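**Student:** Before anything else, here's the structure in question.
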Amino acid sequence: VQLQASGGGLVQAGGSLRLSCVASGNAFISKAIGWFRQVPGKERVLVAAISWSGGNTFYEDSVKSRFTISRENAENTVYLQMTNLKPEDTAVYFCAADQRPWRMRVDSNLNSGDFSSWGQGTLVTVSS
């Protein structure tokens with residue numbers, strides 16, 4: 001599966017953005033998808049993930065209640081709705097597909113090593 005992320009941009013603190021991750025290939029429906037973010041000099045951090053069915057989701061503590069991950073399998077797309085954005089949310093955001101198919105549960109045990117098929121990243125800049 002190949003992934004392409006889009007939707008980033010410049011927004012003021014308190015604003016909203018919706019990121020999209022569009023997949024090509026038939027394997028998409030079997031894969032959990034994660035959204036990661038990375039700032040220069042630091043590792044990629046998993047901020048949200050969604051199981052293949054959409055029935056289970058995970059959020060990193062700093063984005064809980066502000067970010068919502070969802071998927072439309074018929075459209076091969078995963079979304080990350082980001083609200084009440086803060087300057088510390090500034091980063092390049094990547095989507096990636098789980099290396100293991102049909103994972104039922106996504107949680108904090110997942111990390112970048114569990115994912116592959118990384119998209120090219122989309123920059124989110126939140127001004128204060």
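The chains in the structure tokens are called A, B, ... from first to last as shown; in each chain the residues are counted from 1, and the ligands are counted from 1 in the order shown.
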Which residues come within 6 Å of Asp98 in chain A, counting only C-alpha atoms, excluding same-chain residues fewer than 3 positions away, as a list in words?
**Tutor:**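 Listing them by chain and then by number gives Lys31, Ala32, Ile33, Asp114 and Phe115 of chain A.
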**Student:** Report the residues of chain A whose backbone DSSP state falls under helix (DSSP H, G or I), written as a list in words.
**Tutor:**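 Written out, the helix (DSSP H, G or I) residues of chain A are Asn26, Ala27, Phe28, Ile29, Ser30, Asp61, Ser62, Val63, Asn73, Ala74, Glu75, Pro87, Glu88, Asp89, Ser112, Gly113 and Asp114 of chain A.
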**Student:** Counting only C-alpha atoms, figure out which residue out of A:Ala91, A:Val78, A:Val126, A:Asn84 gets nearest to Gln12 in chain A.
**Tutor:**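 Between A:Ala91, A:Val78, A:Val126, A:Asn84, the residue approaching Gln12 in chain A most closely is A:Val126.
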**Student:** What's the 10 Å shell around Leu123 in chain A, counting only C-alpha atoms, without same-chain residues fewer than 5 positions away, as a list in words?
**Tutor:**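 Skipping anything fewer than 5 positions along the chain leaves Ala5, Ser6, Gly7, Gly8, Gly9, Leu10, Arg37, Gln38, Val39, Thr90, Ala91, Val92, Tyr93 and Phe94 of chain A.
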**Student:** What does the distance from CA of Gly14 in chain A to CA of Asp61 in chain A come to in Å, to one decimal?
**Tutor:**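 Spanning CA of Gly14 in chain A to CA of Asp61 in chain A is a straight-line distance of 17.8 Å.
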**Student:** CA of Thr68 in chain A to CA of Leu110 in chain A: how many Å, to one decimal?
**Tutor:**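 Taking CA of Thr68 in chain A as the start and CA of Leu110 in chain A as the end point, the length is 17.8 Å.
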**Student:** Considering only C-alpha atoms, can you say which of A:Met82, A:Val1, A:Ala96, A:Val11 comes closest to Ser24 in chain A?
**Tutor:**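 Among the listed residues, the smallest separation from Ser24 in chain A belongs to A:Val1.
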**Student:** May I ask which of the residues A:Asn56, A:Ser20, A:Ser127, A:Gln2 is the closest one to Arg103 in chain A, counting only C-alpha atoms?
**Tutor:**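 Looking at the shortest contact to Arg103 in chain A, the residue is A:Asn56.
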**Student:** If you run DSSP on the backbone here, which positions in chain A get strand (DSSP E)? Please write them as a PyMOL selection string.
**Tutor:** chain A and resi 2-6+9-12+17-24+31-38+45-50+57-59+67-72+77-82+91-101+115-116+122-127
**Student:** Expressed in Å to a single decimal, how great is the separation between CA of Arg18 in chain A and CA of Val106 in chain A?
**Tutor:**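 Straight-line distance from CA of Arg18 in chain A to CA of Val106 in chain A works out to 21.1 Å.
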